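Next comes input11.cif, with mmCIF, C-alpha atoms.
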```
data_my_file
#
loop_
_atom_site.group_PDB
_atom_site.id
_atom_site.type_symbol
_atom_site.label_atom_id
_atom_site.label_comp_id
_atom_site.auth_asym_id
_atom_site.auth_seq_id
_atom_site.Cartn_x
_atom_site.Cartn_y
_atom_site.Cartn_z
ATOM 1 C CA MET A 1 -72.095 125.579 -66.117
ATOM 2 C CA ASP A 2 -74.623 128.107 -67.407
ATOM 3 C CA ALA A 3 -78.401 127.939 -67.022
ATOM 4 C CA GLU A 4 -78.996 126.317 -70.425
ATOM 5 C CA GLN A 5 -76.518 123.543 -69.737
ATOM 6 C CA THR A 6 -78.001 122.972 -66.282
ATOM 7 C CA HIS A 7 -81.485 122.788 -67.818
ATOM 8 C CA LEU A 8 -80.349 120.001 -70.178
ATOM 9 C CA LEU A 9 -79.623 117.841 -67.145
ATOM 10 C CA ASP A 10 -82.959 118.354 -65.397
ATOM 11 C CA LEU A 11 -84.973 115.628 -67.106
ATOM 12 C CA PRO A 12 -82.226 112.951 -67.258
ATOM 13 C CA LEU A 13 -81.430 113.418 -63.570
ATOM 14 C CA ALA A 14 -85.115 113.367 -62.607
ATOM 15 C CA LYS A 15 -85.752 110.131 -64.500
ATOM 16 C CA ALA A 16 -82.556 108.593 -63.160
ATOM 17 C CA ARG A 17 -83.579 109.267 -59.570
ATOM 18 C CA THR A 18 -87.174 108.092 -59.946
ATOM 19 C CA ASP A 19 -86.154 104.926 -61.848
ATOM 20 C CA PRO A 20 -82.807 103.845 -60.367
ATOM 21 C CA GLU A 21 -82.767 100.462 -62.133
ATOM 22 C CA ALA A 22 -83.249 101.859 -65.650
ATOM 23 C CA LEU A 23 -80.361 102.090 -68.079
ATOM 24 C CA LEU A 24 -79.663 105.676 -69.148
ATOM 25 C CA VAL A 25 -78.799 106.039 -72.841
ATOM 26 C CA VAL A 26 -77.511 109.183 -74.567
ATOM 27 C CA VAL A 27 -78.064 109.053 -78.326
ATOM 28 C CA GLY A 28 -78.228 111.518 -81.204
ATOM 29 C CA PRO A 29 -76.533 112.424 -84.464
ATOM 30 C CA THR A 30 -72.817 112.959 -84.690
ATOM 31 C CA ALA A 31 -71.580 116.307 -83.319
ATOM 32 C CA SER A 32 -74.779 116.900 -81.324
ATOM 33 C CA GLY A 33 -73.119 116.891 -77.900
ATOM 34 C CA LYS A 34 -73.588 113.318 -76.662
ATOM 35 C CA THR A 35 -70.221 112.948 -74.938
ATOM 36 C CA ALA A 36 -70.435 116.196 -72.996
ATOM 37 C CA LEU A 37 -73.974 115.431 -71.826
ATOM 38 C CA ALA A 38 -73.054 111.884 -70.765
ATOM 39 C CA VAL A 39 -70.009 113.106 -68.838
ATOM 40 C CA ARG A 40 -72.094 115.637 -66.889
ATOM 41 C CA MET A 41 -74.739 113.025 -66.185
ATOM 42 C CA ALA A 42 -72.040 110.686 -64.901
ATOM 43 C CA GLU A 43 -70.637 113.384 -62.630
ATOM 44 C CA ALA A 44 -74.065 114.080 -61.171
ATOM 45 C CA LEU A 45 -75.059 110.422 -60.736
ATOM 46 C CA ASP A 46 -71.767 108.801 -59.707
ATOM 47 C CA GLY A 47 -71.860 107.080 -63.073
ATOM 48 C CA GLU A 48 -69.595 105.502 -65.640
ATOM 49 C CA ILE A 49 -69.997 105.637 -69.407
ATOM 50 C CA VAL A 50 -70.293 102.647 -71.732
ATOM 51 C CA SER A 51 -69.480 103.741 -75.270
ATOM 52 C CA ALA A 52 -71.697 102.539 -78.120
ATOM 53 C CA ASP A 53 -69.533 103.811 -80.961
ATOM 54 C CA SER A 54 -68.304 101.457 -83.659
ATOM 55 C CA ILE A 55 -65.166 103.519 -84.409
ATOM 56 C CA GLN A 56 -64.130 104.678 -80.940
ATOM 57 C CA ILE A 57 -63.907 101.032 -79.887
ATOM 58 C CA TYR A 58 -60.828 100.583 -82.113
ATOM 59 C CA ARG A 59 -57.337 101.527 -81.094
ATOM 60 C CA HIS A 60 -55.324 104.113 -83.091
ATOM 61 C CA PHE A 61 -58.342 105.780 -84.779
ATOM 62 C CA ASP A 62 -58.286 108.825 -82.525
ATOM 63 C CA VAL A 63 -58.499 112.227 -84.230
ATOM 64 C CA GLY A 64 -61.465 111.548 -86.511
ATOM 65 C CA SER A 65 -63.558 109.369 -84.196
ATOM 66 C CA GLY A 66 -64.427 111.976 -81.573
ATOM 67 C CA LYS A 67 -63.087 109.914 -78.700
ATOM 68 C CA PRO A 68 -63.522 111.470 -75.263
ATOM 69 C CA THR A 69 -60.631 113.694 -74.312
ATOM 70 C CA THR A 70 -58.239 112.829 -71.514
ATOM 71 C CA GLU A 71 -60.040 115.385 -69.349
ATOM 72 C CA GLU A 72 -63.460 113.867 -70.088
ATOM 73 C CA GLN A 73 -62.165 110.403 -69.256
ATOM 74 C CA ARG A 74 -60.734 111.766 -66.023
ATOM 75 C CA ARG A 75 -64.087 113.239 -65.076
ATOM 76 C CA ALA A 76 -66.021 110.045 -65.896
ATOM 77 C CA PRO A 77 -64.660 106.527 -66.424
ATOM 78 C CA HIS A 78 -65.316 105.218 -69.943
ATOM 79 C CA HIS A 79 -65.686 101.632 -71.132
ATOM 80 C CA LEU A 80 -65.379 100.045 -74.602
ATOM 81 C CA ILE A 81 -63.026 102.670 -75.993
ATOM 82 C CA ASP A 82 -59.624 101.712 -77.447
ATOM 83 C CA ILE A 83 -60.099 98.009 -76.726
ATOM 84 C CA GLN A 84 -60.118 96.413 -80.195
ATOM 85 C CA ASP A 85 -57.447 95.986 -82.850
ATOM 86 C CA PRO A 86 -58.649 97.614 -86.096
ATOM 87 C CA LEU A 87 -58.027 94.408 -88.064
ATOM 88 C CA ASP A 88 -60.243 92.428 -85.679
ATOM 89 C CA PRO A 89 -63.707 93.773 -86.571
ATOM 90 C CA ILE A 90 -66.391 93.707 -83.915
ATOM 91 C CA ASP A 91 -70.066 93.116 -84.650
ATOM 92 C CA ALA A 92 -73.255 93.982 -82.780
ATOM 93 C CA ALA A 93 -73.459 90.625 -81.012
ATOM 94 C CA ARG A 94 -69.933 90.951 -79.643
ATOM 95 C CA PHE A 95 -70.614 94.546 -78.607
ATOM 96 C CA VAL A 96 -73.715 93.471 -76.682
ATOM 97 C CA ALA A 97 -71.718 90.849 -74.778
ATOM 98 C CA LEU A 98 -69.028 93.386 -73.883
ATOM 99 C CA ALA A 99 -71.556 96.076 -72.962
ATOM 100 C CA ASP A 100 -73.576 93.687 -70.778
ATOM 101 C CA ARG A 101 -70.401 92.772 -68.924
ATOM 102 C CA ALA A 102 -69.430 96.422 -68.426
ATOM 103 C CA ILE A 103 -72.931 97.366 -67.251
ATOM 104 C CA ALA A 104 -73.000 94.506 -64.750
ATOM 105 C CA ASP A 105 -69.551 95.448 -63.443
ATOM 106 C CA ILE A 106 -70.526 99.104 -62.993
ATOM 107 C CA ARG A 107 -73.690 98.169 -61.128
ATOM 108 C CA ALA A 108 -71.832 95.667 -58.946
ATOM 109 C CA ARG A 109 -69.664 98.528 -57.725
ATOM 110 C CA GLY A 110 -72.704 100.606 -56.823
ATOM 111 C CA ARG A 111 -72.366 103.055 -59.686
ATOM 112 C CA ARG A 112 -74.718 104.096 -62.508
ATOM 113 C CA PRO A 113 -74.075 102.892 -66.083
ATOM 114 C CA ILE A 114 -74.727 105.425 -68.834
ATOM 115 C CA VAL A 115 -74.603 104.227 -72.435
ATOM 116 C CA CYS A 116 -73.494 106.878 -74.930
ATOM 117 C CA GLY A 117 -73.071 106.575 -78.671
ATOM 118 C CA GLY A 118 -74.350 107.034 -82.172
ATOM 119 C CA THR A 119 -74.070 103.481 -83.507
ATOM 120 C CA PHE A 120 -77.784 102.879 -83.302
ATOM 121 C CA LEU A 121 -77.717 99.238 -84.392
ATOM 122 C CA TRP A 122 -75.561 98.556 -81.350
ATOM 123 C CA VAL A 123 -77.855 100.542 -79.055
ATOM 124 C CA ARG A 124 -80.898 98.759 -80.436
ATOM 125 C CA ALA A 125 -79.219 95.357 -80.101
ATOM 126 C CA LEU A 126 -78.240 96.115 -76.509
ATOM 127 C CA LEU A 127 -81.757 97.150 -75.531
ATOM 128 C CA HIS A 128 -83.782 94.685 -77.608
ATOM 129 C CA GLY A 129 -81.508 91.902 -78.824
ATOM 130 C CA LEU A 130 -80.695 90.763 -82.350
ATOM 131 C CA ALA A 131 -82.674 88.793 -84.887
ATOM 132 C CA PRO A 132 -81.670 85.107 -84.858
ATOM 133 C CA SER A 133 -78.989 84.557 -87.492
ATOM 134 C CA PRO A 134 -76.642 81.722 -88.404
ATOM 135 C CA ALA A 135 -73.174 81.557 -86.906
ATOM 136 C CA ALA A 136 -70.306 82.922 -88.950
ATOM 137 C CA ASP A 137 -69.008 80.543 -91.592
ATOM 138 C CA ASP A 138 -65.265 80.889 -92.148
ATOM 139 C CA ARG A 139 -65.449 79.188 -95.548
ATOM 140 C CA VAL A 140 -68.084 81.586 -96.868
ATOM 141 C CA ARG A 141 -66.228 84.612 -95.530
ATOM 142 C CA ALA A 142 -62.966 83.440 -97.088
ATOM 143 C CA LEU A 143 -64.739 83.136 -100.437
ATOM 144 C CA HIS A 144 -66.067 86.679 -100.068
ATOM 145 C CA ARG A 145 -62.603 88.042 -99.240
ATOM 146 C CA ALA A 146 -61.140 86.302 -102.276
ATOM 147 C CA PHE A 147 -63.949 87.702 -104.446
ATOM 148 C CA VAL A 148 -63.235 91.243 -103.196
ATOM 149 C CA LEU A 149 -59.527 90.884 -103.954
ATOM 150 C CA GLU A 150 -60.335 89.762 -107.488
ATOM 151 C CA SER A 151 -63.375 91.873 -108.357
ATOM 152 C CA GLY A 152 -63.535 94.710 -105.814
ATOM 153 C CA ARG A 153 -65.805 95.864 -103.018
ATOM 154 C CA GLN A 154 -68.420 97.284 -105.354
ATOM 155 C CA ALA A 155 -68.848 93.899 -107.003
ATOM 156 C CA LEU A 156 -69.538 92.201 -103.663
ATOM 157 C CA HIS A 157 -72.064 94.915 -102.852
ATOM 158 C CA GLU A 158 -73.740 94.304 -106.211
ATOM 159 C CA ARG A 159 -74.046 90.591 -105.381
ATOM 160 C CA LEU A 160 -75.834 91.566 -102.167
ATOM 161 C CA ARG A 161 -78.067 94.016 -104.008
ATOM 162 C CA THR A 162 -79.346 91.272 -106.317
ATOM 163 C CA VAL A 163 -80.534 89.095 -103.399
ATOM 164 C CA ASP A 164 -81.192 91.576 -100.570
ATOM 165 C CA PRO A 165 -81.666 95.055 -102.055
ATOM 166 C CA ARG A 166 -82.957 96.567 -98.817
ATOM 167 C CA SER A 167 -79.893 95.555 -96.829
ATOM 168 C CA ALA A 168 -77.679 96.702 -99.698
ATOM 169 C CA ALA A 169 -79.376 100.105 -99.723
ATOM 170 C CA ARG A 170 -78.332 100.818 -96.134
ATOM 171 C CA LEU A 171 -74.765 99.501 -96.445
ATOM 172 C CA HIS A 172 -71.909 101.317 -98.158
ATOM 173 C CA PRO A 173 -69.901 99.196 -100.611
ATOM 174 C CA ASN A 174 -66.763 99.975 -98.593
ATOM 175 C CA ASP A 175 -68.264 98.335 -95.500
ATOM 176 C CA VAL A 176 -67.092 94.917 -96.645
ATOM 177 C CA VAL A 177 -67.603 93.256 -93.255
ATOM 178 C CA ARG A 178 -71.301 94.097 -93.034
ATOM 179 C CA VAL A 179 -71.911 93.523 -96.751
ATOM 180 C CA SER A 180 -70.275 90.108 -96.439
ATOM 181 C CA ARG A 181 -72.344 89.270 -93.357
ATOM 182 C CA ALA A 182 -75.631 90.177 -95.045
ATOM 183 C CA LEU A 183 -74.685 88.095 -98.083
ATOM 184 C CA GLU A 184 -73.515 85.264 -95.816
ATOM 185 C CA VAL A 185 -76.901 85.138 -94.058
ATOM 186 C CA PHE A 186 -78.683 84.755 -97.392
ATOM 187 C CA GLU A 187 -76.258 82.151 -98.711
ATOM 188 C CA LEU A 188 -76.538 80.053 -95.545
ATOM 189 C CA THR A 189 -80.296 80.321 -94.972
ATOM 190 C CA GLY A 190 -81.988 81.404 -98.177
ATOM 191 C CA SER A 191 -83.647 84.294 -96.330
ATOM 192 C CA THR A 192 -82.411 87.860 -96.266
ATOM 193 C CA LEU A 193 -80.997 89.717 -93.300
ATOM 194 C CA TYR A 194 -83.616 92.418 -93.847
ATOM 195 C CA GLU A 195 -86.444 89.865 -93.610
ATOM 196 C CA ARG A 196 -85.013 88.408 -90.418
ATOM 197 C CA GLN A 197 -84.644 91.809 -88.792
ATOM 198 C CA ALA A 198 -88.129 92.885 -89.888
ATOM 199 C CA SER A 199 -89.621 89.707 -88.436
ATOM 200 C CA HIS A 200 -87.738 90.193 -85.157
ATOM 201 C CA GLY A 201 -88.791 93.826 -84.991
ATOM 202 C CA PHE A 202 -86.429 94.538 -82.097
ATOM 203 C CA ARG A 203 -89.434 94.196 -79.795
ATOM 204 C CA PRO A 204 -88.076 92.155 -76.862
ATOM 205 C CA GLN A 205 -86.728 94.227 -73.990
ATOM 206 C CA ARG A 206 -83.301 93.258 -72.628
ATOM 207 C CA HIS A 207 -82.809 96.441 -70.585
ATOM 208 C CA ARG A 208 -85.427 98.901 -69.395
ATOM 209 C CA ALA A 209 -84.017 102.204 -70.563
ATOM 210 C CA HIS A 210 -84.544 105.945 -70.874
ATOM 211 C CA LEU A 211 -83.118 107.515 -74.040
ATOM 212 C CA PHE A 212 -82.017 111.153 -74.258
ATOM 213 C CA ALA A 213 -80.845 113.299 -77.173
ATOM 214 C CA ILE A 214 -79.950 116.979 -77.440
ATOM 215 C CA ARG A 215 -82.345 118.833 -79.729
ATOM 216 C CA VAL A 216 -80.470 120.386 -82.644
ATOM 217 C CA SER A 217 -81.670 121.880 -85.927
ATOM 218 C CA ALA A 218 -80.337 120.743 -89.281
ATOM 219 C CA ASN A 219 -78.580 124.076 -89.813
ATOM 220 C CA GLY A 220 -77.127 124.062 -86.323
ATOM 221 C CA LEU A 221 -75.843 120.533 -86.785
ATOM 222 C CA THR A 222 -74.241 121.396 -90.126
ATOM 223 C CA GLU A 223 -72.391 124.271 -88.453
ATOM 224 C CA ARG A 224 -71.128 121.984 -85.690
ATOM 225 C CA ILE A 225 -70.075 119.319 -88.168
ATOM 226 C CA THR A 226 -68.157 121.867 -90.236
ATOM 227 C CA ASN A 227 -66.420 123.329 -87.197
ATOM 228 C CA ARG A 228 -65.443 119.881 -85.992
ATOM 229 C CA VAL A 229 -64.055 118.816 -89.369
ATOM 230 C CA ASP A 230 -61.989 122.003 -89.472
ATOM 231 C CA ALA A 231 -60.654 121.363 -85.967
ATOM 232 C CA TRP A 232 -59.772 117.739 -86.717
ATOM 233 C CA LEU A 233 -58.014 118.593 -89.978
ATOM 234 C CA ALA A 234 -56.047 121.272 -88.140
ATOM 235 C CA GLY A 235 -55.352 118.778 -85.351
ATOM 236 C CA GLY A 236 -53.464 116.218 -87.416
ATOM 237 C CA TRP A 237 -56.159 114.061 -89.004
ATOM 238 C CA LEU A 238 -54.233 113.731 -92.279
ATOM 239 C CA ASP A 239 -51.056 112.703 -90.474
ATOM 240 C CA GLU A 240 -52.990 110.142 -88.448
ATOM 241 C CA GLY A 241 -54.556 108.749 -91.613
ATOM 242 C CA ALA A 242 -51.151 108.357 -93.228
ATOM 243 C CA ARG A 243 -49.833 106.521 -90.145
ATOM 244 C CA LEU A 244 -52.849 104.201 -90.116
ATOM 245 C CA LEU A 245 -52.425 103.317 -93.781
ATOM 246 C CA GLN A 246 -48.713 102.739 -93.300
ATOM 247 C CA ALA A 247 -49.511 100.441 -90.363
ATOM 248 C CA GLY A 248 -51.657 98.276 -92.630
ATOM 249 C CA TYR A 249 -55.121 99.396 -91.518
ATOM 250 C CA GLY A 250 -56.328 100.446 -94.958
ATOM 251 C CA THR A 251 -58.679 97.450 -95.195
ATOM 252 C CA SER A 252 -60.119 97.853 -91.709
ATOM 253 C CA ARG A 253 -63.773 98.638 -91.098
ATOM 254 C CA ALA A 254 -62.801 101.827 -89.295
ATOM 255 C CA MET A 255 -60.924 103.137 -92.341
ATOM 256 C CA ALA A 256 -64.138 102.747 -94.359
ATOM 257 C CA SER A 257 -66.061 104.980 -91.946
ATOM 258 C CA VAL A 258 -67.205 108.517 -92.696
ATOM 259 C CA GLY A 259 -64.261 110.897 -92.694
ATOM 260 C CA TYR A 260 -61.534 108.299 -92.649
ATOM 261 C CA ARG A 261 -62.767 107.037 -96.018
ATOM 262 C CA GLN A 262 -62.308 110.495 -97.525
ATOM 263 C CA ILE A 263 -58.898 110.890 -95.847
ATOM 264 C CA ALA A 264 -57.790 107.581 -97.396
ATOM 265 C CA MET A 265 -59.093 108.657 -100.816
ATOM 266 C CA HIS A 266 -57.114 111.890 -100.608
ATOM 267 C CA LEU A 267 -53.925 110.120 -99.546
ATOM 268 C CA ALA A 268 -54.391 107.689 -102.465
ATOM 269 C CA GLY A 269 -54.583 110.616 -104.884
ATOM 270 C CA GLU A 270 -58.289 110.122 -105.567
ATOM 271 C CA LEU A 271 -59.552 113.298 -103.855
ATOM 272 C CA PRO A 272 -57.827 116.704 -104.175
ATOM 273 C CA ARG A 273 -56.875 118.483 -100.968
ATOM 274 C CA GLU A 274 -59.042 121.465 -101.861
ATOM 275 C CA ASP A 275 -62.091 119.177 -102.058
ATOM 276 C CA LEU A 276 -61.361 117.127 -98.941
ATOM 277 C CA ARG A 277 -63.033 119.330 -96.326
ATOM 278 C CA GLU A 278 -66.287 119.639 -98.241
ATOM 279 C CA ALA A 279 -66.328 115.915 -99.052
ATOM 280 C CA ILE A 280 -66.039 115.017 -95.368
ATOM 281 C CA VAL A 281 -68.678 117.555 -94.330
ATOM 282 C CA ARG A 282 -71.065 116.310 -97.024
ATOM 283 C CA ALA A 283 -70.610 112.635 -96.094
ATOM 284 C CA THR A 284 -71.022 113.443 -92.406
ATOM 285 C CA ARG A 285 -74.243 115.332 -93.061
ATOM 286 C CA VAL A 286 -75.641 112.313 -94.938
ATOM 287 C CA PHE A 287 -74.661 110.079 -92.033
ATOM 288 C CA ALA A 288 -76.254 112.476 -89.538
ATOM 289 C CA ARG A 289 -79.509 112.484 -91.514
ATOM 290 C CA ARG A 290 -79.675 108.697 -91.218
ATOM 291 C CA GLN A 291 -79.091 108.987 -87.483
ATOM 292 C CA ARG A 292 -81.844 111.577 -87.139
ATOM 293 C CA THR A 293 -84.223 109.319 -89.090
ATOM 294 C CA TRP A 294 -83.585 106.521 -86.586
ATOM 295 C CA LEU A 295 -84.454 108.879 -83.729
ATOM 296 C CA ASN A 296 -87.872 109.436 -85.300
ATOM 297 C CA HIS A 297 -88.710 105.768 -84.736
ATOM 298 C CA VAL A 298 -87.796 105.362 -81.070
ATOM 299 C CA GLU A 299 -89.051 106.794 -77.815
ATOM 300 C CA VAL A 300 -86.490 109.418 -76.855
ATOM 301 C CA ASP A 301 -86.572 112.570 -74.730
ATOM 302 C CA HIS A 302 -85.228 115.548 -76.678
ATOM 303 C CA LEU A 303 -83.453 118.081 -74.509
ATOM 304 C CA GLY A 304 -82.782 121.797 -74.877
ATOM 305 C CA ARG A 305 -83.514 124.389 -77.545
ATOM 306 C CA ASP A 306 -80.795 123.795 -80.163
ATOM 307 C CA SER A 307 -78.267 125.377 -77.832
ATOM 308 C CA THR A 308 -74.950 126.543 -79.273
ATOM 309 C CA SER A 309 -73.302 126.183 -75.876
ATOM 310 C CA GLU A 310 -70.109 124.234 -75.295
ATOM 311 C CA LEU A 311 -72.189 121.246 -74.292
ATOM 312 C CA CYS A 312 -72.878 120.652 -77.985
ATOM 313 C CA ASP A 313 -69.285 121.016 -79.145
ATOM 314 C CA ARG A 314 -68.372 117.395 -78.421
ATOM 315 C CA SER A 315 -69.732 114.269 -80.089
#
```
Would you give me this structure, written as structure tokens?
Amino acid sequence: MDAEQTHLLDLPLAKARTDPEALLVVVGPTASGKTALAVRMAEALDGEIVSADSIQIYRHFDVGSGKPTTEEQRRAPHHLIDIQDPLDPIDAARFVALADRAIADIRARGRRPIVCGGTFLWVRALLHGLAPSPAADDRVRALHRAFVLESGRQALHERLRTVDPRSAARLHPNDVVRVSRALEVFELTGSTLYERQASHGFRPQRHRAHLFAIRVSANGLTERITNRVDAWLAGGWLDEGARLLQAGYGTSRAMASVGYRQIAMHLAGELPREDLREAIVRATRVFARRQRTWLNHVEVDHLGRDSTSELCDRS
């Protein structure tokens, strides 16, 4: 480990040792180096990692989700990776229950839990709870699924946009599960999901926590994203996508995620191979900008000087 990598650990380790009860949370945009930092923190603190990633939690979506390597999982135990069937979507409330259980188990064994991930709604829900919302209604959801089969995902998104434009603006039409949930909340209560979340404000504190992110410039992040897309395409991402579609996972939430969505479009003949790489890089950059915007609204310690070291090569 070189001096720059060692320096990245100084502040997290200092805060961990002066506040032993606090939850340590590694956040940041995709490709910024979260996994590598969390693994080294775990090694130094006798810790275990609780993933907060809404794609890594699903089985079979491996190449394009940035899951920790076998070596990284050997160096630090990981939780909430590869535990969910892709056709059984998991929401923030279910994640919080699973994460709370993992955190309690880690602490009961005298070890240090370290949360790591870029699904910021999940991180926020874990630390501050969720706005009160009605329970899922199977009848409403069945009606939404039937509507999508008849009219398409875009049409369901348009229905949401007419009643809750702010929620619609942050949800992609392909994310049918979340679009349906936002529409379900309005149909059951008459109030929008956005209004409920704004009123809640994510102000209550469920876990006292210290958040850390590796500092990275926009240009540096674009370079890392591009290099990672190239490596994943060379590493069998297209073959994995074909296997997932053949297995019946084309309608899963994970297949609608950044990268996998473009892979599916290419395999369906909707995106030429020569345009695939750039389409994935472009979509990932948009996603990373949203993640960076979220970081501007939370208290987080930024580490390093936009290092290009190997510590930033992993997610």
Test item: the PyMOL selection byres ((chain A and resi 277-287) around 12) resolved as an mmCIF file with C-alpha atoms, in the frame of the given file:
```cif
data_model
loop_
_atom_site.group_PDB
_atom_site.id
_atom_site.type_symbol
_atom_site.label_atom_id
_atom_site.label_comp_id
_atom_site.auth_asym_id
_atom_site.auth_seq_id
_atom_site.Cartn_x
_atom_site.Cartn_y
_atom_site.Cartn_z
ATOM 1 C CA GLY A 28 -78.228 111.518 -81.204
ATOM 2 C CA PRO A 29 -76.533 112.424 -84.464
ATOM 3 C CA THR A 30 -72.817 112.959 -84.690
ATOM 4 C CA ALA A 31 -71.580 116.307 -83.319
ATOM 5 C CA SER A 32 -74.779 116.900 -81.324
ATOM 6 C CA GLY A 64 -61.465 111.548 -86.511
ATOM 7 C CA SER A 65 -63.558 109.369 -84.196
ATOM 8 C CA GLY A 118 -74.350 107.034 -82.172
ATOM 9 C CA THR A 119 -74.070 103.481 -83.507
ATOM 10 C CA PHE A 120 -77.784 102.879 -83.302
ATOM 11 C CA ARG A 170 -78.332 100.818 -96.134
ATOM 12 C CA LEU A 171 -74.765 99.501 -96.445
ATOM 13 C CA HIS A 172 -71.909 101.317 -98.158
ATOM 14 C CA ALA A 218 -80.337 120.743 -89.281
ATOM 15 C CA ASN A 219 -78.580 124.076 -89.813
ATOM 16 C CA GLY A 220 -77.127 124.062 -86.323
ATOM 17 C CA LEU A 221 -75.843 120.533 -86.785
ATOM 18 C CA THR A 222 -74.241 121.396 -90.126
ATOM 19 C CA GLU A 223 -72.391 124.271 -88.453
ATOM 20 C CA ARG A 224 -71.128 121.984 -85.690
ATOM 21 C CA ILE A 225 -70.075 119.319 -88.168
ATOM 22 C CA THR A 226 -68.157 121.867 -90.236
ATOM 23 C CA ASN A 227 -66.420 123.329 -87.197
ATOM 24 C CA ARG A 228 -65.443 119.881 -85.992
ATOM 25 C CA VAL A 229 -64.055 118.816 -89.369
ATOM 26 C CA ASP A 230 -61.989 122.003 -89.472
ATOM 27 C CA ALA A 231 -60.654 121.363 -85.967
ATOM 28 C CA TRP A 232 -59.772 117.739 -86.717
ATOM 29 C CA LEU A 233 -58.014 118.593 -89.978
ATOM 30 C CA ALA A 234 -56.047 121.272 -88.140
ATOM 31 C CA TRP A 237 -56.159 114.061 -89.004
ATOM 32 C CA LEU A 238 -54.233 113.731 -92.279
ATOM 33 C CA ALA A 256 -64.138 102.747 -94.359
ATOM 34 C CA SER A 257 -66.061 104.980 -91.946
ATOM 35 C CA VAL A 258 -67.205 108.517 -92.696
ATOM 36 C CA GLY A 259 -64.261 110.897 -92.694
ATOM 37 C CA TYR A 260 -61.534 108.299 -92.649
ATOM 38 C CA ARG A 261 -62.767 107.037 -96.018
ATOM 39 C CA GLN A 262 -62.308 110.495 -97.525
ATOM 40 C CA ILE A 263 -58.898 110.890 -95.847
ATOM 41 C CA ALA A 264 -57.790 107.581 -97.396
ATOM 42 C CA MET A 265 -59.093 108.657 -100.816
ATOM 43 C CA HIS A 266 -57.114 111.890 -100.608
ATOM 44 C CA GLU A 270 -58.289 110.122 -105.567
ATOM 45 C CA LEU A 271 -59.552 113.298 -103.855
ATOM 46 C CA PRO A 272 -57.827 116.704 -104.175
ATOM 47 C CA ARG A 273 -56.875 118.483 -100.968
ATOM 48 C CA GLU A 274 -59.042 121.465 -101.861
ATOM 49 C CA ASP A 275 -62.091 119.177 -102.058
ATOM 50 C CA LEU A 276 -61.361 117.127 -98.941
ATOM 51 C CA ALA A 288 -76.254 112.476 -89.538
ATOM 52 C CA ARG A 289 -79.509 112.484 -91.514
ATOM 53 C CA ARG A 290 -79.675 108.697 -91.218
ATOM 54 C CA GLN A 291 -79.091 108.987 -87.483
ATOM 55 C CA ARG A 292 -81.844 111.577 -87.139
ATOM 56 C CA THR A 293 -84.223 109.319 -89.090
ATOM 57 C CA TRP A 294 -83.585 106.521 -86.586
#
```
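Going from atom CA of Leu143 of chain A to atom CA of Ala131 of chain A covers 24.4 Å.
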Worksheet entry | Arg59 of chain A environment, 9 Å, all atoms listed in the file, sequence neighbours closer than 2 positions dropped, as a PyMOL selection string | chain A and resi 55-57+61-62+81-86
Worksheet item: What lies within 9 Å of Gly117 of chain A using only C-alpha atoms, ignoring chain neighbours under 2 positions off, as an MDAnalysis selection string?
Response: chainID A and resid 25:30 34:35 50:54 115 119:120 122:123 315
Response to the item:
Across A:Arg40, A:His60, A:Arg159, A:His7, the smallest distance to Ala247 of chain A, with all atoms listed in the file counted, is shown by A:His60
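Residues matched by the PyMOL selection byres ((chain A and resi 43) around 12) in this file are Leu9, Leu13, Ala36, Leu37, Ala38, Val39, Arg40, Met41, Ala42, Ala44, Leu45, Asp46, Gly47, Glu48, Ile49, Glu72, Gln73, Arg74, Arg75, Ala76, Pro77, Arg111, Arg112, Pro113 and Ile114 of chain A.
Atom CA of Ala169 of chain A to atom CA of Leu98 of chain A spans 28.6 Å [interatomic distance, one decimal].
Between atom CA of Val179 of chain A and atom CA of Gln154 of chain A there is a distance of 10.0 Å.
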Discussion item. Could you tell me, as a VMD selection string, exactly which residues end up selected when the PyMOL selection byres ((chain A and resi 126) around 8) is applied to this structure?
Written reply: chain A and resid 96 99 to 100 122 to 125 127 to 129 206 to 207
Worksheet, complete the sentence: Between A:Ile214, A:Glu195, A:Glu187, A:Asn296, smallest distance to Gly33 of chain A by all atoms listed in the file belongs to A:Ile214
Enclose segment 169-184 of chain A, meaning all of its atoms listed in the file, in a box aligned along x, y and z, pad it by 3 Å on each side, and list the centre and edge lengths in Å to one decimal, as JSON.
```
{"center_x": -73.1, "center_y": 93.3, "center_z": -96.8, "size_x": 18.6, "size_y": 22.1, "size_z": 13.6}
```
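Distances to Leu244 of chain A were evaluated for A:Val298, A:Leu11, A:Ala198, A:Leu87 using all atoms listed in the file, and the minimum falls at A:Leu87.
Point (-86.4, 99.6, -66.9) has the following residues at most 8 Å away: Asp19, Glu21, Ala22, Leu23, His207, Arg208, Ala209 and His210 of chain A (atoms considered: all atoms listed in the file).
Candidate residues A:Gly241, A:Val176, A:Pro165, A:His79 were compared for distance to Ala146 of chain A, and the nearest is A:Val176, using only C-alpha atoms.
Excluding Leu156 of chain A and any residue on its chain fewer than 5 positions from it, the residues at most 8 Å away by only C-alpha atoms are A:His144, A:Phe147, A:Val148, A:Ser151, A:Pro173, A:Val176, A:Val179, A:Ser180.
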